[in-house]
Amino acid sequence: MKEILTNKNYHLADESATIAMGKQLADIVNNSLKQGMVVYLYGDLGAGKTTLTRGFVQGMGHKGHVKSPTYTLVEPYELGEWQVYHFDLYRLSDPEELEYMGIRDYFADDCCCFIEWPEKGRGMIKAPDLQINLAYSDEQRTLSIQAKTALGEQVLAELADY
């Protein structure tokens with residue numbers, strides 16, 4: 001019987017290791033899951049949430065610049081059969097604002113949603129498949145991934161150990 005994984009921890013030496021982790025998540029979505037997922041991202045400002053998402057977006061095939069959606073609330077990426085949405089809810093003053101932008105439409109089977117500061121959208125956003133916590137560890141980062149659904153457990157089972 002296959003062991004069910006609910007949590008994995010990683011030590012990320014630098015920015016390129018954080019991007020590589022995002023690309024590995026994209027590879028799992030493209031080659032194994034064949035469906036989208038919702039990822040909640042937690043961590044202090046500058047902890048690497050956008051860097052991880054950049055790696056994912058690039059891993060899904062995006063060739064251009066990947067910027068933080070701090071002022072736009074969401075950055076959409078249409079990548080072939082996939083839609084990737086990078087949300088940054090840091091500046092959101094009321095979760096009800098998400099209803100006006102049609103938030104429910106972003107959570108389809110062909111969509112991967114990475115949500116920074118998800119607590120600001122409580123009650124308006126879909127529950128996560130994965131919860132990722134990034135933290136400083138001297139000049140490096142630690143990353144903890146927690147599965148919140150069976151889909152999340154599948155991702156953890158396929159994610160390589162660093």
# chains A, B, ... in the order shown; residues from 1 in each chain; ligands from 1
>>> residues_around(residues="stretch 15-30 of chain A", least_positions_apart="5", cutoff="8 Å", atoms="only C-alpha atoms", output="ChimeraX atom specification")
/A:35-36,48,51-60,155,158-159
>>> select_by_dssp(residues="stretch 102-159 of chain A", states="alpha helix (DSSP H)", output="number ranges by chain")
A: 150-158
>>> select_by_dssp(residues="stretch 85-150 of chain A", states="strand (DSSP E or B)", output="list of chain:residue names")
A:Tyr85, A:His86, A:Phe87, A:Asp88, A:Cys111, A:Cys112, A:Cys113, A:Phe114, A:Ile115, A:Glu116, A:Leu130, A:Gln131, A:Ile132, A:Asn133, A:Leu134, A:Ala135, A:Tyr136, A:Ser137, A:Gln140, A:Arg141, A:Thr142, A:Leu143, A:Ser144, A:Ile145, A:Gln146, A:Ala147
>>> residues_around(residues="A:Arg104", least_positions_apart="5", cutoff="8 Å", atoms="only C-alpha atoms", output="PyMOL selection string")
chain A and resi 99+124-126
>>> residues_around(residues="A:Ile103", least_positions_apart="3", cutoff="12 Å", atoms="only C-alpha atoms", output="mmCIF file with N, CA and C atoms, in the first residue's frame")
data_model
loop_
_atom_site.group_PDB
_atom_site.id
_atom_site.type_symbol
_atom_site.label_atom_id
_atom_site.label_comp_id
_atom_site.auth_asym_id
_atom_site.auth_seq_id
_atom_site.Cartn_x
_atom_site.Cartn_y
_atom_site.Cartn_z
ATOM 1 N N LEU A 73 -3.744 42.639 -8.431
ATOM 2 C CA LEU A 73 -4.467 41.575 -7.731
ATOM 3 C C LEU A 73 -4.290 40.206 -8.386
ATOM 4 N N VAL A 74 -4.280 40.156 -9.725
ATOM 5 C CA VAL A 74 -4.099 38.877 -10.408
ATOM 6 C C VAL A 74 -3.350 39.103 -11.723
ATOM 7 N N TYR A 85 -3.145 31.422 -12.874
ATOM 8 C CA TYR A 85 -3.479 32.711 -12.266
ATOM 9 C C TYR A 85 -2.646 32.889 -11.009
ATOM 10 N N PHE A 87 -2.321 35.237 -7.926
ATOM 11 C CA PHE A 87 -3.009 36.243 -7.125
ATOM 12 C C PHE A 87 -2.098 36.749 -6.020
ATOM 13 N N PRO A 95 -12.714 41.028 1.335
ATOM 14 C CA PRO A 95 -12.855 39.841 0.481
ATOM 15 C C PRO A 95 -13.995 39.964 -0.537
ATOM 16 N N GLU A 96 -15.003 40.760 -0.244
ATOM 17 C CA GLU A 96 -16.125 40.955 -1.168
ATOM 18 C C GLU A 96 -15.669 41.515 -2.519
ATOM 19 N N GLU A 97 -14.542 42.225 -2.537
ATOM 20 C CA GLU A 97 -14.016 42.766 -3.792
ATOM 21 C C GLU A 97 -13.753 41.653 -4.806
ATOM 22 N N LEU A 98 -13.437 40.472 -4.309
ATOM 23 C CA LEU A 98 -13.155 39.342 -5.192
ATOM 24 C C LEU A 98 -14.405 38.898 -5.951
ATOM 25 N N GLU A 99 -15.552 39.047 -5.339
ATOM 26 C CA GLU A 99 -16.803 38.688 -6.005
ATOM 27 C C GLU A 99 -17.026 39.550 -7.247
ATOM 28 N N TYR A 100 -16.671 40.819 -7.158
ATOM 29 C CA TYR A 100 -16.856 41.747 -8.274
ATOM 30 C C TYR A 100 -15.961 41.426 -9.470
ATOM 31 N N TYR A 106 -12.205 31.648 -11.852
ATOM 32 C CA TYR A 106 -10.779 31.329 -11.925
ATOM 33 C C TYR A 106 -10.467 29.896 -11.476
ATOM 34 N N PHE A 107 -11.417 29.239 -10.835
ATOM 35 C CA PHE A 107 -11.153 27.930 -10.246
ATOM 36 C C PHE A 107 -11.756 26.797 -11.075
ATOM 37 N N ALA A 108 -11.324 26.678 -12.319
ATOM 38 C CA ALA A 108 -11.790 25.619 -13.218
ATOM 39 C C ALA A 108 -10.743 24.503 -13.272
ATOM 40 N N CYS A 113 -4.109 27.978 -9.735
ATOM 41 C CA CYS A 113 -4.169 29.257 -9.031
ATOM 42 C C CYS A 113 -3.173 29.264 -7.884
ATOM 43 N N ILE A 115 -1.994 31.599 -4.857
ATOM 44 C CA ILE A 115 -2.597 32.716 -4.129
ATOM 45 C C ILE A 115 -1.717 33.129 -2.955
ATOM 46 N N GLY A 121 -8.599 36.690 1.486
ATOM 47 C CA GLY A 121 -9.740 36.334 0.646
ATOM 48 C C GLY A 121 -10.642 35.289 1.278
ATOM 49 N N GLY A 123 -13.287 32.972 2.662
ATOM 50 C CA GLY A 123 -14.702 32.880 2.375
ATOM 51 C C GLY A 123 -15.049 33.108 0.914
ATOM 52 N N MET A 124 -14.108 33.585 0.117
ATOM 53 C CA MET A 124 -14.378 33.895 -1.284
ATOM 54 C C MET A 124 -13.532 33.066 -2.251
ATOM 55 N N ILE A 125 -12.504 32.400 -1.739
ATOM 56 C CA ILE A 125 -11.626 31.629 -2.619
ATOM 57 C C ILE A 125 -11.745 30.140 -2.294
ATOM 58 N N LYS A 126 -11.475 29.353 -3.299
ATOM 59 C CA LYS A 126 -11.541 27.896 -3.163
ATOM 60 C C LYS A 126 -10.475 27.409 -2.181
#
>>> closest_residue(among="A:Leu33, A:Ala147, A:Ala160, A:Leu41", to="A:Pro118", atoms="only C-alpha atoms")
A:Leu41
>>> atom_distance(atom1="atom CA of A:Ser93", atom2="atom CA of A:Ile145")
27.3 Å
>>> residues_around(residues="A:Ser144", least_positions_apart="5", cutoff="8 Å", atoms="only C-alpha atoms", output="JSON list (two decimals) with C-alpha atoms, in the first residue's frame")
[["chain", "number", "residue", "atom", "x", "y", "z"],
["A", 7, "ASN", "CA", 3.84, 17.25, 4.42],
["A", 8, "LYS", "CA", 7.33, 17.70, 2.94],
["A", 9, "ASN", "CA", 10.07, 20.15, 3.84],
["A", 10, "TYR", "CA", 12.84, 21.50, 1.63],
["A", 132, "ILE", "CA", 3.20, 26.23, 0.86],
["A", 133, "ASN", "CA", 5.06, 28.12, 3.56],
["A", 134, "LEU", "CA", 8.30, 29.89, 2.68]]
>>> atom_distance(atom1="atom CA of A:Leu143", atom2="atom CA of A:Leu12")
7.1 Å
>>> closest_residue(among="A:His86, A:Gly80, A:Thr6, A:Leu92", to="A:Gln131", atoms="only C-alpha atoms")
A:Thr6
>>> decode(residues="stretch 63-102 of chain A", atoms="C-alpha atoms", output="PDB file, in the first residue's frame")
ATOM      1  CA  LYS A  63       8.609  32.654 -22.069  1.00  0.00           C
ATOM      2  CA  GLY A  64       8.112  36.284 -21.027  1.00  0.00           C
ATOM      3  CA  HIS A  65       8.442  38.242 -17.817  1.00  0.00           C
ATOM      4  CA  VAL A  66       6.611  37.002 -14.713  1.00  0.00           C
ATOM      5  CA  LYS A  67       5.798  39.890 -12.419  1.00  0.00           C
ATOM      6  CA  SER A  68       4.220  40.181  -9.016  1.00  0.00           C
ATOM      7  CA  PRO A  69       0.504  41.009  -9.093  1.00  0.00           C
ATOM      8  CA  THR A  70       0.813  43.237  -6.014  1.00  0.00           C
ATOM      9  CA  TYR A  71      -0.997  46.143  -7.654  1.00  0.00           C
ATOM     10  CA  THR A  72      -3.184  44.267 -10.140  1.00  0.00           C
ATOM     11  CA  LEU A  73      -4.467  41.575  -7.731  1.00  0.00           C
ATOM     12  CA  VAL A  74      -4.099  38.877 -10.408  1.00  0.00           C
ATOM     13  CA  GLU A  75      -1.738  38.163 -13.292  1.00  0.00           C
ATOM     14  CA  PRO A  76      -3.222  35.721 -15.833  1.00  0.00           C
ATOM     15  CA  TYR A  77      -1.153  33.436 -18.056  1.00  0.00           C
ATOM     16  CA  GLU A  78      -2.798  31.567 -20.930  1.00  0.00           C
ATOM     17  CA  LEU A  79      -0.488  28.675 -21.727  1.00  0.00           C
ATOM     18  CA  GLY A  80      -1.930  26.338 -24.319  1.00  0.00           C
ATOM     19  CA  GLU A  81      -4.505  24.158 -22.619  1.00  0.00           C
ATOM     20  CA  TRP A  82      -3.717  25.664 -19.211  1.00  0.00           C
ATOM     21  CA  GLN A  83      -4.636  28.869 -17.432  1.00  0.00           C
ATOM     22  CA  VAL A  84      -2.365  29.948 -14.595  1.00  0.00           C
ATOM     23  CA  TYR A  85      -3.479  32.711 -12.266  1.00  0.00           C
ATOM     24  CA  HIS A  86      -1.126  34.344  -9.809  1.00  0.00           C
ATOM     25  CA  PHE A  87      -3.009  36.243  -7.125  1.00  0.00           C
ATOM     26  CA  ASP A  88      -1.536  38.614  -4.564  1.00  0.00           C
ATOM     27  CA  LEU A  89      -4.233  39.586  -2.082  1.00  0.00           C
ATOM     28  CA  TYR A  90      -1.940  41.643   0.157  1.00  0.00           C
ATOM     29  CA  ARG A  91      -3.612  44.959  -0.750  1.00  0.00           C
ATOM     30  CA  LEU A  92      -7.169  43.585  -0.703  1.00  0.00           C
ATOM     31  CA  SER A  93      -9.216  45.580   1.782  1.00  0.00           C
ATOM     32  CA  ASP A  94     -12.383  43.442   1.726  1.00  0.00           C
ATOM     33  CA  PRO A  95     -12.855  39.841   0.481  1.00  0.00           C
ATOM     34  CA  GLU A  96     -16.125  40.955  -1.168  1.00  0.00           C
ATOM     35  CA  GLU A  97     -14.016  42.766  -3.792  1.00  0.00           C
ATOM     36  CA  LEU A  98     -13.155  39.342  -5.192  1.00  0.00           C
ATOM     37  CA  GLU A  99     -16.803  38.688  -6.005  1.00  0.00           C
ATOM     38  CA  TYR A 100     -16.856  41.747  -8.274  1.00  0.00           C
ATOM     39  CA  MET A 101     -13.943  40.405 -10.320  1.00  0.00           C
ATOM     40  CA  GLY A 102     -15.651  37.026 -10.840  1.00  0.00           C
TER      41      GLY A 102
END
